[in-house]
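Source file: protein25.cif (mmCIF, C-alpha atoms and all ligand atoms)
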data_coords
loop_
_atom_site.label_atom_id
_atom_site.label_comp_id
_atom_site.auth_asym_id
_atom_site.auth_seq_id
_atom_site.Cartn_x
_atom_site.Cartn_y
_atom_site.Cartn_z
CA MET T 11 0.00 0.00 0.00
CA SER T 12 1.35 3.43 -0.91
CA ALA T 13 1.52 6.19 1.68
CA GLY T 14 -1.46 8.38 2.43
CA ARG T 15 -1.17 12.12 1.99
CA PHE T 16 -2.73 15.18 3.53
CA LEU T 17 -3.50 18.12 1.20
CA THR T 18 -5.21 21.40 2.11
CA LEU T 19 -6.81 24.12 0.01
CA GLU T 20 -6.66 27.69 1.30
CA GLY T 21 -7.62 31.19 0.20
CA GLY T 22 -10.34 33.79 0.68
CA GLU T 23 -14.08 33.29 0.24
CA GLY T 24 -15.23 32.47 -3.26
CA VAL T 25 -11.82 31.68 -4.81
CA GLY T 26 -13.03 28.17 -5.69
CA LYS T 27 -11.70 26.01 -2.85
CA SER T 28 -14.68 23.67 -2.57
CA THR T 29 -15.09 23.45 -6.37
CA GLN T 30 -11.41 22.56 -6.72
CA ALA T 31 -11.43 20.17 -3.75
CA ARG T 32 -14.10 18.12 -5.55
CA ALA T 33 -12.35 18.37 -8.93
CA LEU T 34 -8.96 17.40 -7.50
CA ALA T 35 -10.55 14.47 -5.63
CA ALA T 36 -12.10 13.23 -8.89
CA ALA T 37 -8.77 13.60 -10.75
CA LEU T 38 -6.92 11.62 -8.07
CA GLU T 39 -9.62 8.92 -7.96
CA THR T 40 -9.13 8.32 -11.70
CA ARG T 41 -5.48 7.53 -10.86
CA GLY T 42 -6.66 4.84 -8.44
CA ILE T 43 -6.04 6.89 -5.31
CA HIS T 44 -8.59 6.59 -2.49
CA VAL T 45 -9.58 10.15 -1.56
CA VAL T 46 -11.34 11.53 1.51
CA LEU T 47 -12.82 14.98 1.00
CA THR T 48 -13.38 17.07 4.10
CA ARG T 49 -13.58 20.70 5.27
CA GLU T 50 -13.10 22.98 8.24
CA PRO T 51 -14.53 24.09 10.52
CA GLY T 52 -16.12 20.63 10.80
CA GLY T 53 -15.29 17.27 9.23
CA SER T 54 -15.98 15.05 12.26
CA GLU T 55 -19.07 14.75 14.44
CA GLY T 56 -17.63 16.81 17.30
CA ALA T 57 -16.11 19.38 14.96
CA GLU T 58 -19.41 19.81 13.09
CA ALA T 59 -21.12 20.57 16.44
CA ILE T 60 -18.47 23.23 17.10
CA ARG T 61 -18.96 24.54 13.52
CA ASP T 62 -22.60 25.29 14.36
CA LEU T 63 -21.48 27.28 17.42
CA LEU T 64 -19.02 29.23 15.27
CA MET T 65 -21.17 29.94 12.22
CA GLN T 66 -24.50 30.85 13.80
CA GLY T 67 -25.59 33.82 15.85
CA ASP T 68 -24.52 37.39 16.24
CA VAL T 69 -21.18 38.65 14.83
CA ARG T 70 -20.10 39.41 18.43
CA ARG T 71 -21.18 36.05 19.83
CA TRP T 72 -17.57 35.05 20.59
CA SER T 73 -14.52 37.05 21.57
CA ALA T 74 -11.54 36.67 19.23
CA HIS T 75 -9.76 34.54 21.86
CA ALA T 76 -12.74 32.24 22.45
CA GLU T 77 -13.15 31.87 18.69
CA ALA T 78 -9.48 30.88 18.26
CA LEU T 79 -9.96 28.19 20.94
CA LEU T 80 -13.12 26.88 19.26
CA PHE T 81 -11.37 26.57 15.87
CA ALA T 82 -8.44 24.80 17.57
CA ALA T 83 -10.79 22.43 19.45
CA ALA T 84 -12.75 21.59 16.30
CA ARG T 85 -9.49 20.91 14.44
CA ALA T 86 -8.14 18.70 17.24
CA ASP T 87 -11.21 16.47 17.01
CA HIS T 88 -11.13 16.41 13.20
CA VAL T 89 -7.42 15.50 13.11
CA GLU T 90 -7.71 12.77 15.74
CA LYS T 91 -10.97 11.16 14.62
CA ARG T 92 -10.72 11.47 10.86
CA ILE T 93 -7.63 12.97 9.23
CA ARG T 94 -4.88 10.96 10.95
CA PRO T 95 -6.73 7.62 10.79
CA MET T 96 -7.51 8.03 7.08
CA VAL T 97 -3.96 9.10 6.14
CA ASP T 98 -2.55 6.23 8.25
CA ALA T 99 -4.84 3.84 6.33
CA GLY T 100 -3.31 5.03 3.01
CA SER T 101 -5.97 7.51 1.85
CA TRP T 102 -5.33 10.97 0.47
CA VAL T 103 -7.21 13.48 2.58
CA ILE T 104 -8.15 16.78 0.89
CA CYS T 105 -9.28 19.39 3.39
CA ASP T 106 -11.03 22.64 2.41
CA ARG T 107 -9.32 25.10 4.84
CA PHE T 108 -7.05 24.15 7.78
CA ILE T 109 -4.55 25.79 10.15
CA ASP T 110 -3.53 28.53 7.67
CA SER T 111 -7.13 29.82 7.69
CA THR T 112 -6.89 30.27 11.47
CA ARG T 113 -3.55 32.05 11.10
CA ALA T 114 -5.04 34.36 8.43
CA TYR T 115 -8.55 35.00 9.85
CA GLN T 116 -7.95 34.91 13.61
CA GLY T 117 -4.63 36.66 12.94
CA ALA T 118 -6.63 39.45 11.26
CA GLN T 119 -8.56 39.72 14.55
CA GLY T 120 -5.38 40.34 16.50
CA ILE T 121 -4.55 36.80 17.64
CA ASP T 122 -0.81 36.24 17.65
CA ASP T 123 0.55 33.71 15.12
CA ALA T 124 2.78 32.06 17.73
CA ALA T 125 -0.25 31.56 20.02
CA ILE T 126 -2.24 29.97 17.18
CA LEU T 127 0.64 27.62 16.38
CA ALA T 128 1.01 26.74 20.08
CA LEU T 129 -2.69 25.81 20.26
CA HIS T 130 -2.23 23.72 17.11
CA GLY T 131 0.79 22.02 18.67
CA PHE T 132 -1.27 21.07 21.72
CA GLY T 133 -4.62 20.23 20.12
CA SER T 134 -3.57 18.64 16.82
CA ARG T 135 0.03 17.66 17.75
CA GLY T 136 1.16 20.21 15.20
CA LEU T 137 -0.02 18.20 12.19
CA LEU T 138 0.85 20.02 8.96
CA PRO T 139 -0.27 19.13 5.42
CA ASP T 140 2.10 17.47 2.95
CA ARG T 141 1.08 20.26 0.56
CA THR T 142 -1.09 23.35 0.87
CA LEU T 143 -2.57 24.87 -2.28
CA LEU T 144 -3.28 28.59 -1.84
CA LEU T 145 -5.82 29.75 -4.43
CA THR T 146 -5.46 33.40 -5.41
CA LEU T 147 -7.60 35.81 -7.41
CA PRO T 148 -7.33 39.57 -7.99
CA ASP T 149 -9.00 41.70 -5.22
CA GLY T 150 -12.80 41.55 -5.33
CA GLU T 151 -12.99 38.63 -7.79
CA GLY T 152 -13.59 35.99 -5.07
CA ASP T 153 -16.21 38.24 -3.46
CA ARG T 154 -18.04 38.47 -6.78
CA ARG T 155 -18.01 34.68 -7.16
CA ALA T 156 -19.17 34.19 -3.54
CA GLN T 157 -21.99 36.73 -3.93
CA ALA T 158 -23.19 35.07 -7.11
CA ARG T 159 -23.18 31.77 -5.18
CA ASP T 160 -24.80 32.94 -1.91
CA GLY T 161 -27.09 35.79 -2.94
CA GLY T 162 -28.07 37.61 0.25
CA ALA T 163 -27.41 34.70 2.65
CA ALA T 164 -24.63 35.47 5.12
CA ASP T 165 -22.95 33.64 8.01
CA ARG T 166 -21.26 35.31 11.01
CA PHE T 167 -18.12 35.76 8.95
CA ALA T 168 -19.51 37.31 5.78
CA ALA T 169 -19.86 40.92 6.92
CA ARG T 170 -16.23 42.04 7.15
CA ASP T 171 -14.59 45.09 5.69
CA ASP T 172 -11.90 45.47 3.03
CA GLY T 173 -9.16 45.99 5.65
CA PHE T 174 -9.97 42.63 7.19
CA HIS T 175 -9.85 40.86 3.82
CA ARG T 176 -6.56 42.59 2.93
CA SER T 177 -5.05 41.39 6.20
CA VAL T 178 -6.24 37.82 5.52
CA ALA T 179 -4.71 37.90 2.02
CA ALA T 180 -1.44 39.37 3.34
CA THR T 181 -1.08 36.61 5.95
CA PHE T 182 -1.73 33.88 3.37
CA ASP T 183 0.96 35.49 1.17
CA ARG T 184 3.43 35.65 4.03
CA ILE T 185 2.86 31.99 4.93
CA ALA T 186 3.35 31.00 1.26
CA ARG T 187 6.64 32.93 1.16
CA ASP T 188 7.93 31.64 4.50
CA GLU T 189 6.88 28.01 4.01
CA ALA T 190 7.53 27.57 0.30
CA ASP T 191 8.22 23.81 0.61
CA ARG T 192 4.71 23.17 1.89
CA VAL T 193 2.64 25.97 0.36
CA ARG T 194 2.16 26.66 -3.37
CA ARG T 195 0.31 29.73 -4.69
CA ILE T 196 -2.12 28.80 -7.45
CA ASP T 197 -3.69 31.26 -9.89
CA ALA T 198 -7.42 30.53 -9.48
CA SER T 199 -8.56 32.52 -12.54
CA GLY T 200 -9.77 30.90 -15.74
CA ARG T 201 -11.92 27.83 -16.25
CA VAL T 202 -12.38 25.25 -13.47
CA GLU T 203 -10.46 22.59 -15.47
CA GLN T 204 -7.51 24.94 -16.04
CA VAL T 205 -7.24 25.61 -12.30
CA THR T 206 -7.47 21.89 -11.51
CA GLN T 207 -4.57 21.21 -13.89
CA ARG T 208 -2.48 23.83 -12.05
CA LEU T 209 -3.26 22.03 -8.77
CA ILE T 210 -2.21 18.67 -10.20
CA ASP T 211 1.05 20.21 -11.46
CA ALA T 212 1.65 21.56 -7.94
CA ILE T 213 1.40 18.09 -6.36
CA ALA T 214 3.11 16.18 -9.21
CA ASP T 215 6.09 15.32 -6.99
CA LEU T 216 3.78 13.62 -4.45
CA LEU T 217 1.91 11.42 -6.93
CA PRO T 218 2.64 7.69 -6.93
N1 LIG E 301 -12.92 28.76 -12.23
C1 LIG E 301 -14.12 29.29 -11.95
N2 LIG E 301 -14.66 30.22 -12.76
C2 LIG E 301 -15.86 30.78 -12.48
N3 LIG E 301 -16.64 30.47 -11.40
C3 LIG E 301 -16.13 29.56 -10.54
C4 LIG E 301 -14.85 28.93 -10.76
N4 LIG E 301 -14.62 28.07 -9.75
C5 LIG E 301 -15.69 28.16 -8.92
N5 LIG E 301 -16.61 29.04 -9.40
C6 LIG E 301 -17.89 29.42 -8.79
O1 LIG E 301 -17.60 30.44 -7.82
C7 LIG E 301 -18.38 30.24 -6.63
C8 LIG E 301 -17.46 30.08 -5.45
O2 LIG E 301 -16.76 28.85 -5.59
P1 LIG E 301 -16.51 27.90 -4.32
O3 LIG E 301 -15.83 26.67 -4.82
O4 LIG E 301 -17.78 27.73 -3.57
O5 LIG E 301 -15.47 28.82 -3.50
P2 LIG E 301 -14.92 28.71 -1.98
O6 LIG E 301 -15.08 27.30 -1.53
O7 LIG E 301 -13.48 29.11 -2.11
O8 LIG E 301 -15.71 29.71 -1.20
C9 LIG E 301 -19.27 29.04 -6.90
O9 LIG E 301 -20.53 29.50 -7.35
C10 LIG E 301 -18.53 28.28 -8.01
O10 LIG E 301 -19.42 27.53 -8.81
C1 LIG E 302 -11.20 27.02 9.11
C2 LIG E 302 -11.43 28.45 9.48
C3 LIG E 302 -12.42 29.20 8.86
N1 LIG E 302 -12.62 30.48 9.22
C4 LIG E 302 -13.68 31.27 8.56
C5 LIG E 302 -13.40 31.59 7.11
C6 LIG E 302 -14.77 31.72 6.51
O1 LIG E 302 -15.17 33.09 6.60
C7 LIG E 302 -15.66 30.92 7.44
C8 LIG E 302 -16.34 29.73 6.82
O2 LIG E 302 -15.55 29.08 5.93
P1 LIG E 302 -16.18 28.38 4.68
O3 LIG E 302 -17.44 27.69 5.04
O4 LIG E 302 -15.07 27.58 4.08
O5 LIG E 302 -16.54 29.62 3.75
P2 LIG E 302 -16.21 29.90 2.23
O6 LIG E 302 -16.81 28.78 1.41
O7 LIG E 302 -16.92 31.21 2.00
O8 LIG E 302 -14.74 29.97 2.08
O9 LIG E 302 -14.85 30.50 8.54
C9 LIG E 302 -11.88 31.09 10.22
O10 LIG E 302 -12.09 32.27 10.56
N2 LIG E 302 -10.91 30.37 10.85
C10 LIG E 302 -10.65 29.06 10.52
O11 LIG E 302 -9.75 28.42 11.13
#
Just give me the structure of the file as structure tokens.
Amino acid sequence: MSAGRFLTLEGGEGVGKSTQARALAAALETRGIHVVLTREPGGSEGAEAIRDLLMQGDVRRWSAHAEALLFAAARADHVEKRIRPMVDAGSWVICDRFIDSTRAYQGAQGIDDAAILALHGFGSRGLLPDRTLLLTLPDGEGDRRAQARDGGAADRFAARDDGFHRSVAATFDRIARDEADRVRRIDASGRVEQVTQRLIDAIADLLP
């Protein structure tokens, strides 16, 4: 049995993460790879319960610190109950958002990167993906795609200003620069199939 792998997709809202997670899973399945598709927050029973706490209610329901702990707790459950067991069993796990989303989004709320990584070390034993694919679009393009998808429906996280989104994008960029072995920036413009091909090229060295 060949080794399992853990891949994550990251980027702002509407860049095409969930579309590409499905497309990449299908492309890998045609190569005979068993794929598990999952997402955060959520992905295991306990983590989905925490997702409901995070996504519903008033924008000010949680303090930034409480929110960082909830994301870390959800991830700890997801890693222990689902991600690690599936990778250990030889599957390729593709996760729509992971630790870099916490660093970007909770970082944009003033939570220190070192504190987020310390929580990840404790809760998820510091598990990092074999490869992280950071989808990028010009400013505003992801928002337009997300608005076309969601119409007026909004979760607790939708109503944030441009400064917040710029900070999120800047942190993703910094992580991609600092951790270039793990993280690859992918141009998410163009047709879905073109983007999927870029993703496959960016994991070519991991393929069996
Ligand atoms: N390459 C693409 N070109 C145009 N529209 C796209 C493309 N990829 C995804 N979309 C559409 O954009 C919207 C957001 O995509 P989605 O995969 O839900 O993004 P995310 O998971 O990053 O929020 C969806 O309506 C999706 O169908
Ligand atoms: C995983 C994760 C998500 N989030 C936020 C980002 C999104 O605004 C929100 C929900 O993510 P998601 O459902 O993936 O939204 P989208 O499809 O629009 O990308 O949760 C964090 O703030 N921290 C995290 O650790």
Expressed in Å to a single decimal, how great is the separation between atom CA of Ala180 of chain T and atom C4 of ligand LIG 302 (chain E)?
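Calculated distance between atom CA of Ala180 of chain T and atom C4 of ligand LIG 302 (chain E) is 15.6 Å.
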Which residue gives the smallest distance to Arg71 of chain T among T:Arg155, T:Arg113, T:Arg166, T:Arg184, with all atoms listed in the file counted?
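Ranked by minimum distance to Arg71 of chain T, first place goes to T:Arg166.
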For Ile213 of chain T, find every residue with an atom within 10 Å (counting all atoms listed in the file), except residues of its own chain fewer than 2 positions away, and show them as a PyMOL selection string.
chain T and resi 17+140-143+194+208-211+215-217
Straight-line distance linking atom CA of Arg187 of chain T with atom CA of Asp149 of chain T, stated in Å to one decimal
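For atom CA of Arg187 of chain T relative to atom CA of Asp149 of chain T, the distance reads 19.0 Å.
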Counting all atoms listed in the file, what residues are within 9 Å of ligand LIG 302 (chain E), given as a PDB file with C-alpha atoms, keeping the file's coordinate frame?
ATOM      1  CA  GLU T  20      -6.660  27.690   1.300  1.00  0.00           C
ATOM      2  CA  GLY T  21      -7.620  31.190   0.200  1.00  0.00           C
ATOM      3  CA  GLY T  22     -10.340  33.790   0.680  1.00  0.00           C
ATOM      4  CA  GLU T  23     -14.080  33.290   0.240  1.00  0.00           C
ATOM      5  CA  GLY T  24     -15.230  32.470  -3.260  1.00  0.00           C
ATOM      6  CA  VAL T  25     -11.820  31.680  -4.810  1.00  0.00           C
ATOM      7  CA  GLY T  26     -13.030  28.170  -5.690  1.00  0.00           C
ATOM      8  CA  LYS T  27     -11.700  26.010  -2.850  1.00  0.00           C
ATOM      9  CA  SER T  28     -14.680  23.670  -2.570  1.00  0.00           C
ATOM     10  CA  ARG T  49     -13.580  20.700   5.270  1.00  0.00           C
ATOM     11  CA  GLU T  50     -13.100  22.980   8.240  1.00  0.00           C
ATOM     12  CA  PRO T  51     -14.530  24.090  10.520  1.00  0.00           C
ATOM     13  CA  GLY T  52     -16.120  20.630  10.800  1.00  0.00           C
ATOM     14  CA  ARG T  61     -18.960  24.540  13.520  1.00  0.00           C
ATOM     15  CA  LEU T  64     -19.020  29.230  15.270  1.00  0.00           C
ATOM     16  CA  MET T  65     -21.170  29.940  12.220  1.00  0.00           C
ATOM     17  CA  GLU T  77     -13.150  31.870  18.690  1.00  0.00           C
ATOM     18  CA  ALA T  78      -9.480  30.880  18.260  1.00  0.00           C
ATOM     19  CA  LEU T  80     -13.120  26.880  19.260  1.00  0.00           C
ATOM     20  CA  PHE T  81     -11.370  26.570  15.870  1.00  0.00           C
ATOM     21  CA  ALA T  82      -8.440  24.800  17.570  1.00  0.00           C
ATOM     22  CA  ARG T  85      -9.490  20.910  14.440  1.00  0.00           C
ATOM     23  CA  ASP T 106     -11.030  22.640   2.410  1.00  0.00           C
ATOM     24  CA  ARG T 107      -9.320  25.100   4.840  1.00  0.00           C
ATOM     25  CA  PHE T 108      -7.050  24.150   7.780  1.00  0.00           C
ATOM     26  CA  ILE T 109      -4.550  25.790  10.150  1.00  0.00           C
ATOM     27  CA  ASP T 110      -3.530  28.530   7.670  1.00  0.00           C
ATOM     28  CA  SER T 111      -7.130  29.820   7.690  1.00  0.00           C
ATOM     29  CA  THR T 112      -6.890  30.270  11.470  1.00  0.00           C
ATOM     30  CA  ARG T 113      -3.550  32.050  11.100  1.00  0.00           C
ATOM     31  CA  ALA T 114      -5.040  34.360   8.430  1.00  0.00           C
ATOM     32  CA  TYR T 115      -8.550  35.000   9.850  1.00  0.00           C
ATOM     33  CA  GLN T 116      -7.950  34.910  13.610  1.00  0.00           C
ATOM     34  CA  GLY T 117      -4.630  36.660  12.940  1.00  0.00           C
ATOM     35  CA  ASP T 153     -16.210  38.240  -3.460  1.00  0.00           C
ATOM     36  CA  ALA T 156     -19.170  34.190  -3.540  1.00  0.00           C
ATOM     37  CA  ASP T 160     -24.800  32.940  -1.910  1.00  0.00           C
ATOM     38  CA  ASP T 165     -22.950  33.640   8.010  1.00  0.00           C
ATOM     39  CA  ARG T 166     -21.260  35.310  11.010  1.00  0.00           C
ATOM     40  CA  PHE T 167     -18.120  35.760   8.950  1.00  0.00           C
ATOM     41  CA  ALA T 168     -19.510  37.310   5.780  1.00  0.00           C
TER      42      ALA T 168
END
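If all atoms listed in the file are the atoms counted, then among T:Thr29, T:Gln157, T:Gln119, T:Gln207 the closest residue to ligand LIG 301 (chain E) is T:Thr29.
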Quick one: of T:Arg176, T:Arg192, T:Lys91, T:Arg32, who's nearest to ligand LIG 301 (chain E), counting all atoms listed in the file?
T:Arg32
If you measure from atom CA of Leu79 of chain T to atom O4 of ligand LIG 301 (chain E), what distance in Å do you get, rounded to one decimal?
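Straight-line distance from atom CA of Leu79 of chain T to atom O4 of ligand LIG 301 (chain E) works out to 25.7 Å.
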Can you tell me, as lines of an AutoDock Vina configuration file, the centre and edge lengths (Å, one decimal) of the axis-aligned box enclosing all of segment 151-158 of chain T's listed atoms after padding each side by 3 Å?
center_x = -18.1
center_y = 36.4
center_z = -5.6
size_x = 16.2
size_y = 10.4
size_z = 10.3
